[in-house]
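Participant: Structure: coords_34.txt, compact mmCIF, C-alpha atoms and all ligand atoms.
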# COMPACT_ATOMS: atom_id res chain seq x y z
CA MET A 4 29.71 -4.45 -23.04
CA LEU A 5 27.44 -7.22 -21.82
CA ARG A 6 23.88 -6.04 -21.07
CA THR A 7 20.89 -7.58 -19.37
CA ASN A 8 17.77 -8.28 -21.43
CA ALA A 9 15.68 -5.15 -20.83
CA SER A 10 12.44 -6.47 -22.30
CA ARG A 11 12.64 -9.74 -20.35
CA LEU A 12 13.23 -7.84 -17.08
CA TRP A 13 10.27 -5.58 -17.86
CA SER A 14 8.10 -8.58 -18.70
CA ASP A 15 9.04 -10.20 -15.38
CA LEU A 16 8.22 -7.02 -13.46
CA MET A 17 4.80 -6.78 -15.11
CA THR A 18 4.08 -10.51 -14.69
CA GLN A 19 5.08 -10.45 -11.01
CA GLY A 20 3.10 -7.23 -10.72
CA ALA A 21 -0.09 -9.09 -11.62
CA ILE A 22 0.13 -10.94 -8.29
CA GLY A 23 -1.70 -8.90 -5.69
CA ALA A 24 -2.53 -6.26 -8.30
CA LEU A 25 -4.64 -3.24 -7.32
CA PRO A 26 -6.91 -1.30 -9.71
CA LEU A 27 -4.63 1.73 -10.20
CA GLY A 28 -1.54 -0.34 -11.05
CA GLY A 29 -0.15 -0.90 -7.58
CA LEU A 30 0.24 -3.97 -5.41
CA ASP A 31 -1.08 -5.26 -2.11
CA ARG A 32 1.34 -8.02 -1.22
CA MET A 33 2.25 -7.71 2.42
CA SER A 34 4.68 -10.20 3.91
CA LEU A 35 3.46 -13.80 4.34
CA THR A 36 0.06 -13.15 2.77
CA ASP A 37 -1.22 -15.42 0.01
CA GLY A 38 -0.01 -12.82 -2.51
CA ASP A 39 3.52 -12.94 -1.08
CA ARG A 40 3.38 -16.75 -1.24
CA ASP A 41 2.33 -16.68 -4.89
CA ALA A 42 5.02 -14.13 -5.82
CA ARG A 43 7.61 -16.35 -4.09
CA GLY A 44 6.41 -19.40 -5.99
CA LEU A 45 6.80 -17.68 -9.34
CA PHE A 46 10.23 -16.33 -8.36
CA ALA A 47 11.40 -19.82 -7.29
CA HIS A 48 10.15 -21.24 -10.60
CA TRP A 49 12.03 -18.59 -12.58
CA CYS A 50 15.17 -19.22 -10.52
CA ARG A 51 15.09 -22.96 -11.27
CA GLU A 52 14.36 -22.26 -14.92
CA ALA A 53 17.53 -20.11 -14.95
CA GLY A 54 19.55 -23.01 -13.51
CA LEU A 55 19.78 -21.62 -9.99
CA VAL A 56 19.60 -23.88 -6.92
CA VAL A 57 16.94 -22.51 -4.59
CA SER A 58 17.23 -22.70 -0.81
CA ILE A 59 15.07 -21.19 1.94
CA ASP A 60 16.12 -20.42 5.50
CA GLY A 61 14.20 -20.28 8.78
CA MET A 62 13.03 -16.72 8.07
CA GLY A 63 11.71 -17.63 4.62
CA ASN A 64 14.59 -15.74 2.97
CA MET A 65 15.07 -17.25 -0.51
CA PHE A 66 18.45 -17.77 -2.19
CA GLY A 67 18.91 -18.74 -5.85
CA ARG A 68 22.51 -19.92 -6.15
CA ARG A 69 24.72 -20.05 -9.23
CA ALA A 70 27.87 -22.10 -8.62
CA GLY A 71 31.31 -20.53 -8.99
CA LEU A 72 34.51 -22.10 -10.37
CA ASP A 73 35.65 -22.25 -6.74
CA ASP A 74 32.34 -22.94 -5.07
CA SER A 75 33.92 -22.94 -1.61
CA LEU A 76 34.39 -19.15 -1.81
CA PRO A 77 31.78 -16.87 -0.18
CA PRO A 78 29.05 -15.84 -2.65
CA VAL A 79 28.42 -12.43 -4.14
CA MET A 80 24.77 -11.67 -3.35
CA ALA A 81 22.27 -9.39 -5.06
CA GLY A 82 18.59 -8.93 -4.36
CA SER A 83 15.92 -7.06 -2.43
CA HIS A 84 12.37 -7.99 -1.42
CA LEU A 85 9.14 -9.19 -3.07
CA ASP A 86 6.81 -8.07 -0.25
CA THR A 87 5.10 -4.69 -0.63
CA GLN A 88 3.26 -2.12 1.41
CA SER A 89 -0.53 -2.02 1.27
CA PRO A 90 -0.93 -0.24 -1.04
CA GLY A 91 2.49 -0.39 -2.62
CA GLY A 92 3.94 -0.27 -6.12
CA LYS A 93 5.38 -2.78 -8.57
CA PHE A 94 8.99 -1.62 -8.18
CA ASP A 95 9.81 -1.03 -4.51
CA GLY A 96 11.48 -4.35 -3.82
CA PRO A 97 10.65 -6.52 -6.83
CA LEU A 98 13.00 -4.49 -9.08
CA GLY A 99 16.04 -5.48 -7.00
CA VAL A 100 15.08 -9.16 -6.87
CA LEU A 101 14.13 -9.53 -10.52
CA ALA A 102 17.13 -7.49 -11.74
CA ALA A 103 19.42 -9.86 -9.79
CA LEU A 104 17.65 -12.83 -11.41
CA GLU A 105 18.10 -11.19 -14.80
CA VAL A 106 21.83 -10.83 -14.03
CA ALA A 107 22.07 -14.60 -13.42
CA ARG A 108 20.22 -15.35 -16.67
CA THR A 109 22.42 -12.97 -18.65
CA LEU A 110 25.59 -14.65 -17.34
CA HIS A 111 24.11 -18.05 -18.16
CA GLU A 112 23.28 -17.08 -21.74
CA ALA A 113 26.74 -15.54 -22.22
CA GLY A 114 28.32 -18.77 -21.00
CA ILE A 115 30.15 -16.96 -18.21
CA VAL A 116 31.11 -18.93 -15.12
CA THR A 117 32.44 -16.69 -12.38
CA LYS A 118 35.18 -17.53 -9.91
CA ARG A 119 32.89 -17.02 -6.92
CA PRO A 120 29.32 -18.24 -6.59
CA ILE A 121 26.47 -15.75 -7.04
CA GLU A 122 23.23 -15.77 -5.04
CA VAL A 123 20.00 -13.98 -5.97
CA VAL A 124 18.13 -13.09 -2.77
CA ASN A 125 14.55 -12.35 -1.76
CA TRP A 126 14.49 -11.07 1.85
CA THR A 127 11.38 -11.71 3.94
CA ASN A 128 9.37 -8.83 5.41
CA GLU A 129 11.45 -5.89 4.33
CA GLU A 130 8.48 -3.55 4.52
CA GLY A 131 7.43 -4.03 8.13
CA ALA A 132 3.90 -3.14 7.02
CA ARG A 133 2.39 -6.22 8.65
CA PHE A 134 5.03 -7.48 11.09
CA SER A 135 7.43 -5.22 12.98
CA PRO A 136 10.28 -4.49 12.66
CA GLY A 137 10.90 -4.03 8.95
CA LEU A 138 14.09 -5.36 7.31
CA MET A 139 13.36 -8.46 9.38
CA GLY A 140 14.66 -11.33 7.22
CA SER A 141 17.99 -9.65 6.51
CA ALA A 142 18.29 -8.60 10.17
CA VAL A 143 18.11 -12.22 11.36
CA PHE A 144 20.43 -13.35 8.53
CA ALA A 145 23.00 -10.71 9.55
CA GLY A 146 22.75 -11.56 13.26
CA GLN A 147 21.04 -8.27 14.16
CA LEU A 148 17.78 -9.84 15.37
CA ASP A 149 16.99 -13.10 17.17
CA LEU A 150 15.11 -15.72 15.11
CA ALA A 151 12.67 -16.54 17.94
CA ALA A 152 11.91 -12.85 18.50
CA ALA A 153 11.17 -12.43 14.79
CA HIS A 154 8.90 -15.48 14.76
CA ALA A 155 7.02 -14.14 17.80
CA SER A 156 6.15 -10.85 16.06
CA THR A 157 2.39 -10.48 15.58
CA ASP A 158 0.36 -8.55 13.03
CA ARG A 159 -2.53 -6.30 14.04
CA ALA A 160 -4.92 -9.25 13.87
CA GLY A 161 -2.75 -11.12 16.37
CA LEU A 162 -1.35 -13.66 13.87
CA ARG A 163 2.23 -14.73 14.60
CA PHE A 164 4.99 -14.37 12.01
CA GLY A 165 6.22 -17.92 12.65
CA ASP A 166 2.73 -19.38 12.20
CA GLU A 167 2.12 -17.43 9.00
CA LEU A 168 5.52 -18.48 7.62
CA ARG A 169 4.59 -22.14 8.16
CA ARG A 170 1.11 -21.56 6.77
CA ILE A 171 2.52 -20.39 3.41
CA ARG A 172 5.12 -23.25 3.52
CA TYR A 173 8.16 -20.99 3.55
CA ALA A 174 9.81 -21.99 6.85
CA GLY A 175 12.92 -23.53 5.29
CA HIS A 176 15.92 -25.41 6.58
CA ALA A 177 18.88 -23.63 4.96
CA PRO A 178 21.45 -22.31 7.48
CA MET A 179 20.11 -19.17 9.20
CA GLY A 180 22.86 -16.72 8.34
CA GLY A 181 26.20 -17.22 10.03
CA ARG A 182 27.92 -17.85 6.72
CA PRO A 183 30.44 -15.60 5.00
CA VAL A 184 29.21 -13.38 2.15
CA ASP A 185 31.66 -11.77 -0.27
CA SER A 186 29.54 -8.71 -0.96
CA TYR A 187 25.95 -7.58 -1.52
CA PHE A 188 24.32 -5.36 -4.17
CA GLU A 189 20.77 -4.03 -3.89
CA LEU A 190 19.09 -2.19 -6.75
CA HIS A 191 16.15 -0.04 -5.68
CA ILE A 192 14.07 2.85 -6.93
CA GLU A 193 15.19 6.05 -5.22
CA GLN A 194 11.82 6.70 -3.54
CA GLY A 195 12.68 10.38 -3.73
CA PRO A 196 12.78 13.08 -6.43
CA LEU A 197 16.51 13.92 -6.62
CA LEU A 198 17.71 11.72 -9.50
CA GLU A 199 14.71 12.57 -11.67
CA ALA A 200 15.15 16.31 -11.03
CA ALA A 201 18.88 16.13 -11.85
CA GLY A 202 18.33 13.98 -14.92
CA ILE A 203 20.76 11.38 -13.53
CA THR A 204 20.20 7.65 -14.14
CA ILE A 205 22.21 5.97 -11.36
CA GLY A 206 22.58 6.88 -7.69
CA ALA A 207 25.56 5.36 -5.88
CA VAL A 208 24.35 5.46 -2.29
CA THR A 209 26.94 6.49 0.29
CA HIS A 210 25.06 6.52 3.59
CA SER A 211 21.67 6.91 5.26
CA HIS A 212 20.01 9.39 7.62
CA TYR A 213 19.52 9.69 11.39
CA SER A 214 16.15 8.43 12.52
CA VAL A 215 13.95 7.69 15.51
CA PHE A 216 10.95 5.35 15.44
CA ALA A 217 8.55 5.11 18.36
CA ASP A 218 5.41 3.25 19.39
CA VAL A 219 3.54 5.36 21.96
CA GLU A 220 0.37 4.89 23.96
CA CYS A 221 -1.92 7.53 25.43
CA HIS A 222 -3.91 6.53 28.51
CA GLY A 223 -7.20 8.09 29.64
CA ALA A 224 -10.37 6.73 31.20
CA ASN A 225 -13.13 4.69 29.61
CA ALA A 226 -16.59 6.24 30.08
CA HIS A 227 -20.05 6.64 28.51
CA THR A 228 -19.97 9.09 25.57
CA GLN A 229 -23.40 10.50 26.36
CA SER A 230 -23.54 10.55 30.14
CA GLU A 231 -20.03 11.27 31.38
CA PRO A 232 -19.84 14.96 32.38
CA MET A 233 -17.78 16.73 29.72
CA LEU A 234 -15.28 18.33 32.08
CA ARG A 235 -14.45 14.98 33.68
CA ARG A 236 -13.64 13.28 30.40
CA ARG A 237 -10.14 11.96 29.79
CA ASN A 238 -10.25 10.92 26.16
CA ALA A 239 -7.08 9.08 25.05
CA LEU A 240 -7.92 9.80 21.42
CA VAL A 241 -7.63 13.54 22.11
CA GLY A 242 -4.15 13.11 23.59
CA ALA A 243 -3.05 11.04 20.62
CA ALA A 244 -4.55 13.55 18.18
CA ARG A 245 -2.79 16.49 19.82
CA LEU A 246 0.56 14.73 19.91
CA ILE A 247 0.18 13.55 16.31
CA GLU A 248 -0.50 17.15 15.27
CA ALA A 249 2.56 18.31 17.24
CA ILE A 250 4.74 15.69 15.50
CA ASP A 251 3.60 16.98 12.12
CA ARG A 252 4.36 20.56 13.18
CA VAL A 253 7.89 19.58 14.30
CA GLY A 254 8.47 17.81 10.97
CA ARG A 255 7.34 20.86 8.97
CA ALA A 256 9.50 23.20 11.07
CA HIS A 257 12.60 21.13 10.28
CA ALA A 258 11.87 20.46 6.58
CA PRO A 259 13.41 19.71 4.17
CA ALA A 260 16.38 18.20 6.07
CA GLY A 261 14.01 16.79 8.67
CA SER A 262 10.69 14.96 8.52
CA ALA A 263 8.29 13.56 11.12
CA SER A 264 4.95 11.81 10.80
CA ALA A 265 2.66 9.58 12.81
CA THR A 266 1.26 6.66 10.86
CA VAL A 267 -0.68 3.85 12.52
CA ILE A 268 -3.29 4.39 15.24
CA ASP A 269 -5.36 1.90 17.24
CA VAL A 270 -7.96 2.97 19.77
CA TRP A 271 -9.65 1.02 22.57
CA PRO A 272 -12.46 0.17 22.89
CA ASN A 273 -13.07 1.68 19.41
CA ASN A 274 -16.77 1.81 19.97
CA ARG A 275 -19.07 4.75 19.15
CA ILE A 276 -20.59 5.01 22.60
CA ASN A 277 -17.41 4.78 24.70
CA ILE A 278 -14.80 7.43 25.46
CA PRO A 279 -11.53 5.68 24.50
CA HIS A 280 -9.25 4.91 27.43
CA ARG A 281 -6.28 3.91 25.31
CA ALA A 282 -4.81 5.02 21.98
CA ALA A 283 -1.65 3.50 20.52
CA PHE A 284 0.18 5.05 17.60
CA SER A 285 3.53 5.01 15.85
CA TYR A 286 5.68 7.77 14.46
CA GLY A 287 8.99 8.22 12.72
CA VAL A 288 11.45 11.12 12.71
CA MET A 289 14.29 11.53 10.23
CA HIS A 290 17.02 14.12 9.70
CA SER A 291 20.26 14.39 7.76
CA ASP A 292 22.20 15.60 10.84
CA GLU A 293 22.50 14.20 14.33
CA ALA A 294 21.84 17.59 15.96
CA GLY A 295 18.69 17.87 13.86
CA VAL A 296 17.23 14.52 14.85
CA LEU A 297 18.04 15.15 18.53
CA ALA A 298 16.34 18.56 18.40
CA MET A 299 13.23 17.11 16.74
CA ASP A 300 13.08 14.28 19.26
CA ALA A 301 13.39 16.76 22.15
CA GLU A 302 10.65 19.00 20.71
CA ILE A 303 8.27 16.04 20.39
CA GLU A 304 9.02 14.91 23.97
CA ALA A 305 8.39 18.46 25.22
CA ALA A 306 5.07 18.62 23.34
CA ARG A 307 4.10 15.29 24.88
CA ALA A 308 4.79 16.58 28.43
CA THR A 309 2.80 19.75 27.76
CA ILE A 310 -0.18 17.83 26.36
CA ALA A 311 -0.14 15.42 29.31
CA ALA A 312 -0.10 18.34 31.78
CA GLU A 313 -2.92 20.19 29.99
CA THR A 314 -5.21 17.20 29.51
CA GLY A 315 -4.61 15.00 32.56
CA LEU A 316 -3.82 12.14 30.18
CA SER A 317 -0.62 10.12 30.40
CA PHE A 318 1.69 8.77 27.72
CA SER A 319 3.96 5.75 27.74
CA THR A 320 6.64 4.67 25.27
CA VAL A 321 6.29 1.05 24.18
CA VAL A 322 9.28 1.00 21.82
CA LYS A 323 11.69 3.72 20.78
CA ARG A 324 14.51 2.94 18.38
CA ARG A 325 17.19 5.33 17.29
CA ARG A 326 19.14 4.55 14.13
CA ASP A 327 22.41 6.21 13.17
CA PRO A 328 23.40 6.37 9.50
CA ILE A 329 24.74 3.25 7.82
CA HIS A 330 27.84 3.91 5.72
CA PHE A 331 28.37 1.75 2.67
CA ASP A 332 31.74 0.36 1.63
CA GLU A 333 33.88 2.88 -0.28
CA THR A 334 35.24 0.28 -2.72
CA MET A 335 31.68 -0.82 -3.57
CA ILE A 336 30.54 2.80 -4.08
CA ALA A 337 33.55 3.49 -6.32
CA LEU A 338 32.93 0.24 -8.24
CA THR A 339 29.34 1.32 -8.88
CA GLU A 340 30.51 4.69 -10.20
CA THR A 341 33.11 3.05 -12.44
CA VAL A 342 30.68 0.49 -13.85
CA ALA A 343 28.02 3.14 -14.51
CA ALA A 344 30.57 5.29 -16.37
CA GLU A 345 31.69 2.29 -18.45
CA LEU A 346 28.05 1.72 -19.38
CA ALA A 347 27.82 5.41 -20.37
CA LEU A 348 25.23 6.03 -17.66
CA SER A 349 25.14 9.26 -15.67
CA VAL A 350 25.84 8.64 -11.98
CA GLN A 351 25.99 10.63 -8.75
CA ARG A 352 26.70 9.84 -5.11
CA MET A 353 23.74 10.34 -2.78
CA ARG A 354 22.21 9.48 0.60
CA THR A 355 19.15 7.37 1.21
CA ARG A 356 16.26 8.36 3.45
CA PRO A 357 14.36 5.03 3.58
CA GLY A 358 15.83 1.93 5.20
CA HIS A 359 16.80 -1.08 3.09
CA ASP A 360 17.99 -4.66 3.62
CA ALA A 361 21.38 -3.35 2.46
CA PHE A 362 21.64 -1.67 5.90
CA ASN A 363 21.75 -5.07 7.61
CA MET A 364 24.02 -6.65 4.99
CA SER A 365 26.50 -3.77 5.38
CA ARG A 366 27.23 -5.13 8.87
CA ILE A 367 28.54 -8.45 7.53
CA CYS A 368 30.02 -7.70 4.08
CA PRO A 369 30.95 -4.89 1.66
CA THR A 370 27.58 -3.61 0.47
CA GLU A 371 26.22 -1.12 -2.03
CA LEU A 372 22.75 0.25 -2.62
CA VAL A 373 22.14 1.36 -6.22
CA PHE A 374 19.31 3.79 -6.99
CA VAL A 375 17.43 4.51 -10.19
CA PRO A 376 14.89 7.36 -10.59
CA CYS A 377 11.17 6.88 -10.02
CA ARG A 378 8.42 9.14 -11.31
CA ASP A 379 7.87 12.21 -9.09
CA GLY A 380 9.81 10.43 -6.35
CA ILE A 381 6.63 8.58 -5.39
CA SER A 382 6.63 5.18 -3.68
CA HIS A 383 4.49 3.26 -1.18
CA SER A 384 1.72 4.26 -3.56
CA GLU A 385 -0.11 2.74 -6.48
CA LEU A 386 1.30 5.59 -8.57
CA GLU A 387 4.90 4.38 -8.11
CA TRP A 388 6.59 4.07 -11.51
CA CYS A 389 10.03 3.42 -12.98
CA THR A 390 10.67 3.40 -16.74
CA PRO A 391 11.81 0.22 -18.52
CA GLU A 392 15.03 2.06 -19.49
CA HIS A 393 15.87 2.95 -15.90
CA CYS A 394 15.07 -0.58 -14.69
CA ALA A 395 17.43 -1.99 -17.32
CA ALA A 396 20.16 0.58 -16.58
CA GLY A 397 20.08 -0.40 -12.92
CA ALA A 398 20.21 -4.10 -13.79
CA ASP A 399 23.22 -3.49 -16.05
CA VAL A 400 25.07 -1.73 -13.23
CA VAL A 401 24.36 -4.66 -10.90
CA LEU A 402 25.45 -7.11 -13.63
CA HIS A 403 28.87 -5.53 -13.98
CA GLY A 404 29.26 -4.85 -10.27
CA VAL A 405 28.50 -8.51 -9.50
CA LEU A 406 30.81 -9.69 -12.30
CA ALA A 407 33.70 -7.59 -11.02
CA ARG A 408 33.26 -8.83 -7.46
CA ALA A 409 32.70 -12.47 -8.44
CA ASN A 410 35.76 -12.63 -10.72
CA ARG A 411 38.31 -10.73 -8.67
ZN ZN A 501 11.90 -1.53 -0.72
Write the structure described by the file as structure tokens, please.

Facilitator:
Amino acid sequence: MLRTNASRLWSDLMTQGAIGALPLGGLDRMSLTDGDRDARGLFAHWCREAGLVVSIDGMGNMFGRRAGLDDSLPPVMAGSHLDTQSPGGKFDGPLGVLAALEVARTLHEAGIVTKRPIEVVNWTNEEGARFSPGLMGSAVFAGQLDLAAAHASTDRAGLRFGDELRRIRYAGHAPMGGRPVDSYFELHIEQGPLLEAAGITIGAVTHSHYSVFADVECHGANAHTQSEPMLRRRNALVGAARLIEAIDRVGRAHAPAGSASATVIDVWPNNRINIPHRAAFSYGVMHSDEAGVLAMDAEIEAARATIAAETGLSFSTVVKRRRDPIHFDETMIALTETVAAELALSVQRMRTRPGHDAFNMSRICPTELVFVPCRDGISHSELEWCTPEHCAAGADVVLHGVLARANR
């Protein structure tokens, strides 16, 4: 059976992983930074070297296209994202993009021309670390998010997505979605411990979890830290701290099926000698069952009301998004299982906790998310690691999945 070139894929991962490298082996390559720009440039170069025609749309999504025998047919796509968290690892994202590129090279070397065209994709701002929401490029491509709204998103320094996209010269002119896609494959590290613990190489992802994401503000009163009488103080940071602690408690009470954590916090005026009047923070809740996520959400809302009543502070919700599970296409899941078995790779069906661009693509075409194990289930960390063998196994599954779809 045809295989991808494992050592070339590994070499690409390590070479790409030198862009935005951190001391412990991780990456800092948030969306539309100079590091992201440089990683894109290298990817585009490799695509052209592999004979792919590169196009870029108005979100900076990059497509490396390999013509089909009937090039009027919708393409089979495969890819992921080159942006990372800060800090992030070398595999969360880049593995899916570079494995798809390796698939195109392998077909080229084998002299195989498929019936349908194939496109290798790099989606912009999957991580949402700098600009919110995450999964942004694929969301606009799939008609789930307005282009202007995405361009208006600002980072914490107030820089606009649209301005930063133009700054790095990746505001392209290719059609912004709205075109038919045959199917989409995304290879990704599991970002969890299940495959590694079970000694299984391939995860055929069936569906995702229930989740709630919220941006919340706590409002108090600005005052002098030294002179304001203690019992009159209304410190927004205290309200945020208490609610953040309550969110953690709710997450622990519902573990392991449920999880809840606050992440970002900004405080105003963020000055040593002022009592903060405003604290803004974000949190996420996740659960395998709908009843579970609703219960966790209700417990957090109840804690918020109690804290407000006890402290005299008030809370407001800036954004609250609820996400129901995405279900992937049964024929694509079954194809992944079949291909893995033909390659003599162990495979199991599983759910994903994190969100992926595949969620958005599943709304417009048959889609499958393919997982490979990562060490200790760690990601969004410099310690993230996937073995060369597992990277290659995942790429081989995508190769044969893409081939089957493109030649049917
Ligand atoms: Zn990712």

Participant: Dump the neighbourhood of ligand ZN 501 (chain A) as number ranges by chain: all residues within 7 Å, distances computed on all atoms listed in the file.

Facilitator: A: 84, 95-96, 129-130, 191, 359

Participant: Could you state the separation of CA of Arg163 (chain A) and CA of Ser382 (chain A) in Å, given to one decimal place?

Facilitator: 27.4 Å

Participant: For Ser186 (chain A), find every residue with an atom within 7 Å (counting all atoms listed in the file), except residues of its own chain fewer than 4 positions away, and show them as an NGL selection string.

Facilitator: :A and (79-80 or 368-370)

Participant: Which neighbours of Gly254 (chain A) fall inside 10 Å, counting all atoms listed in the file, when residues of the same chain fewer than 3 positions from it are skipped, and could you give them as a list in words?

Facilitator: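 The neighbour list is Glu248, Ala249, Ile250, Asp251, His257, Ala258, Pro259, Ala260, Gly261, Ser262, Ala263, Ser264, Gly287, Val288, Met289, His290, Met299 and Ile303 of chain A.
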
Participant: I'd like to know which of A:Lys93, A:Arg352, A:Arg245, A:Arg170 is closest to Glu340 (chain A), using all atoms listed in the file.

Facilitator: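 For Glu340 (chain A), the nearest of the given residues is A:Arg352.
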
Participant: For Ala337 (chain A), please output as a ChimeraX atom specification all residues within 10 Å (counting only C-alpha atoms; exclusion window: fewer than 4 positions along the same chain).

Facilitator: /A:207,209,332-333,341-343,352,371

Participant: Would you work out the distance separating CA of Gly38 (chain A) from CA of Arg169 (chain A), expressed in Å to one decimal?

Facilitator: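 Straight-line distance from CA of Gly38 (chain A) to CA of Arg169 (chain A) works out to 14.9 Å.
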
Participant: When distances are computed from all atoms listed in the file, which of A:Asp360, A:Pro196, A:Thr228, A:Glu105 shows the smallest separation from Val143 (chain A)?

Facilitator: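 Selected residue with least distance to Val143 (chain A): A:Asp360.
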
Participant: Find the spatial neighbours of Gly165 (chain A), counting only C-alpha atoms, within a cut-off of 8 Å - ignore same-chain residues fewer than 4 positions away - and output them as number ranges by chain.

Facilitator: A: 153-156, 169, 174

Participant: Would you compute the distance between CA of Phe46 (chain A) and CA of Met65 (chain A)? Give it in Å to one decimal.

Facilitator: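 If I compute the distance from CA of Phe46 (chain A) to CA of Met65 (chain A), I get 9.3 Å.
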
Participant: Can you tell me which residues surround Ala21 (chain A) at a distance of at most 12 Å, considering all atoms listed in the file, apart from same-chain residues fewer than 2 positions away, and format the answer as a compact mmCIF listing (two decimals) with C-alpha atoms, in the frame of the given file?

Facilitator:
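New file out.txt:
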# COMPACT_ATOMS: atom_id res chain seq x y z
CA SER A 14 8.10 -8.58 -18.70
CA ASP A 15 9.04 -10.20 -15.38
CA LEU A 16 8.22 -7.02 -13.46
CA MET A 17 4.80 -6.78 -15.11
CA THR A 18 4.08 -10.51 -14.69
CA GLN A 19 5.08 -10.45 -11.01
CA GLY A 23 -1.70 -8.90 -5.69
CA ALA A 24 -2.53 -6.26 -8.30
CA LEU A 25 -4.64 -3.24 -7.32
CA PRO A 26 -6.91 -1.30 -9.71
CA LEU A 27 -4.63 1.73 -10.20
CA GLY A 28 -1.54 -0.34 -11.05
CA GLY A 29 -0.15 -0.90 -7.58
CA LEU A 30 0.24 -3.97 -5.41
CA ASP A 31 -1.08 -5.26 -2.11
CA ARG A 32 1.34 -8.02 -1.22
CA GLY A 38 -0.01 -12.82 -2.51
CA ASP A 39 3.52 -12.94 -1.08
CA ASP A 41 2.33 -16.68 -4.89
CA ALA A 42 5.02 -14.13 -5.82
CA LEU A 45 6.80 -17.68 -9.34
CA GLY A 92 3.94 -0.27 -6.12
CA LYS A 93 5.38 -2.78 -8.57

Participant: When distances are computed from all atoms listed in the file, which of A:Ala47, A:Val215, A:Ile192, A:Ile121 shows the smallest separation from Ala395 (chain A)?

Facilitator: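 Answer, going by the shortest atom-to-atom distance: A:Ile192.
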
Participant: Since the input is missing atoms for region 386-401 of chain A, could you rebuild it with N, CA and C atoms and give the result as a PDB file, keeping the file's coordinate frame?

Facilitator:
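Contents of selection05.pdb, freshly written:
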ATOM      1  N   LEU A 386       0.814   4.761  -7.462  1.00  0.00           N
ATOM      2  CA  LEU A 386       1.300   5.590  -8.570  1.00  0.00           C
ATOM      3  C   LEU A 386       2.804   5.425  -8.803  1.00  0.00           C
ATOM      4  N   GLU A 387       3.456   4.622  -7.955  1.00  0.00           N
ATOM      5  CA  GLU A 387       4.900   4.380  -8.110  1.00  0.00           C
ATOM      6  C   GLU A 387       5.207   3.884  -9.528  1.00  0.00           C
ATOM      7  N   TRP A 388       6.268   4.459 -10.133  1.00  0.00           N
ATOM      8  CA  TRP A 388       6.590   4.070 -11.510  1.00  0.00           C
ATOM      9  C   TRP A 388       8.077   4.258 -11.797  1.00  0.00           C
ATOM     10  N   CYS A 389       8.637   3.326 -12.531  1.00  0.00           N
ATOM     11  CA  CYS A 389      10.030   3.420 -12.980  1.00  0.00           C
ATOM     12  C   CYS A 389      10.013   3.009 -14.445  1.00  0.00           C
ATOM     13  N   THR A 390      10.733   3.709 -15.307  1.00  0.00           N
ATOM     14  CA  THR A 390      10.670   3.400 -16.740  1.00  0.00           C
ATOM     15  C   THR A 390      11.438   2.107 -17.047  1.00  0.00           C
ATOM     16  N   PRO A 391      11.067   1.426 -18.126  1.00  0.00           N
ATOM     17  CA  PRO A 391      11.810   0.220 -18.520  1.00  0.00           C
ATOM     18  C   PRO A 391      13.300   0.516 -18.717  1.00  0.00           C
ATOM     19  N   GLU A 392      13.629   1.697 -19.245  1.00  0.00           N
ATOM     20  CA  GLU A 392      15.030   2.060 -19.490  1.00  0.00           C
ATOM     21  C   GLU A 392      15.803   2.177 -18.180  1.00  0.00           C
ATOM     22  N   HIS A 393      15.181   2.802 -17.185  1.00  0.00           N
ATOM     23  CA  HIS A 393      15.870   2.950 -15.900  1.00  0.00           C
ATOM     24  C   HIS A 393      15.995   1.620 -15.179  1.00  0.00           C
ATOM     25  N   CYS A 394      14.975   0.763 -15.292  1.00  0.00           N
ATOM     26  CA  CYS A 394      15.070  -0.580 -14.690  1.00  0.00           C
ATOM     27  C   CYS A 394      16.261  -1.323 -15.294  1.00  0.00           C
ATOM     28  N   ALA A 395      16.362  -1.273 -16.631  1.00  0.00           N
ATOM     29  CA  ALA A 395      17.430  -1.990 -17.320  1.00  0.00           C
ATOM     30  C   ALA A 395      18.798  -1.399 -17.002  1.00  0.00           C
ATOM     31  N   ALA A 396      18.869  -0.063 -16.899  1.00  0.00           N
ATOM     32  CA  ALA A 396      20.160   0.580 -16.580  1.00  0.00           C
ATOM     33  C   ALA A 396      20.637   0.116 -15.206  1.00  0.00           C
ATOM     34  N   GLY A 397      19.716   0.064 -14.258  1.00  0.00           N
ATOM     35  CA  GLY A 397      20.080  -0.400 -12.920  1.00  0.00           C
ATOM     36  C   GLY A 397      20.542  -1.850 -12.931  1.00  0.00           C
ATOM     37  N   ALA A 398      19.838  -2.673 -13.700  1.00  0.00           N
ATOM     38  CA  ALA A 398      20.210  -4.100 -13.790  1.00  0.00           C
ATOM     39  C   ALA A 398      21.595  -4.254 -14.417  1.00  0.00           C
ATOM     40  N   ASP A 399      21.900  -3.425 -15.404  1.00  0.00           N
ATOM     41  CA  ASP A 399      23.220  -3.490 -16.050  1.00  0.00           C
ATOM     42  C   ASP A 399      24.336  -3.121 -15.071  1.00  0.00           C
ATOM     43  N   VAL A 400      24.067  -2.126 -14.237  1.00  0.00           N
ATOM     44  CA  VAL A 400      25.070  -1.730 -13.230  1.00  0.00           C
ATOM     45  C   VAL A 400      25.292  -2.877 -12.250  1.00  0.00           C
ATOM     46  N   VAL A 401      24.211  -3.518 -11.820  1.00  0.00           N
ATOM     47  CA  VAL A 401      24.360  -4.660 -10.900  1.00  0.00           C
ATOM     48  C   VAL A 401      25.093  -5.804 -11.596  1.00  0.00           C
TER      49      VAL A 401
END
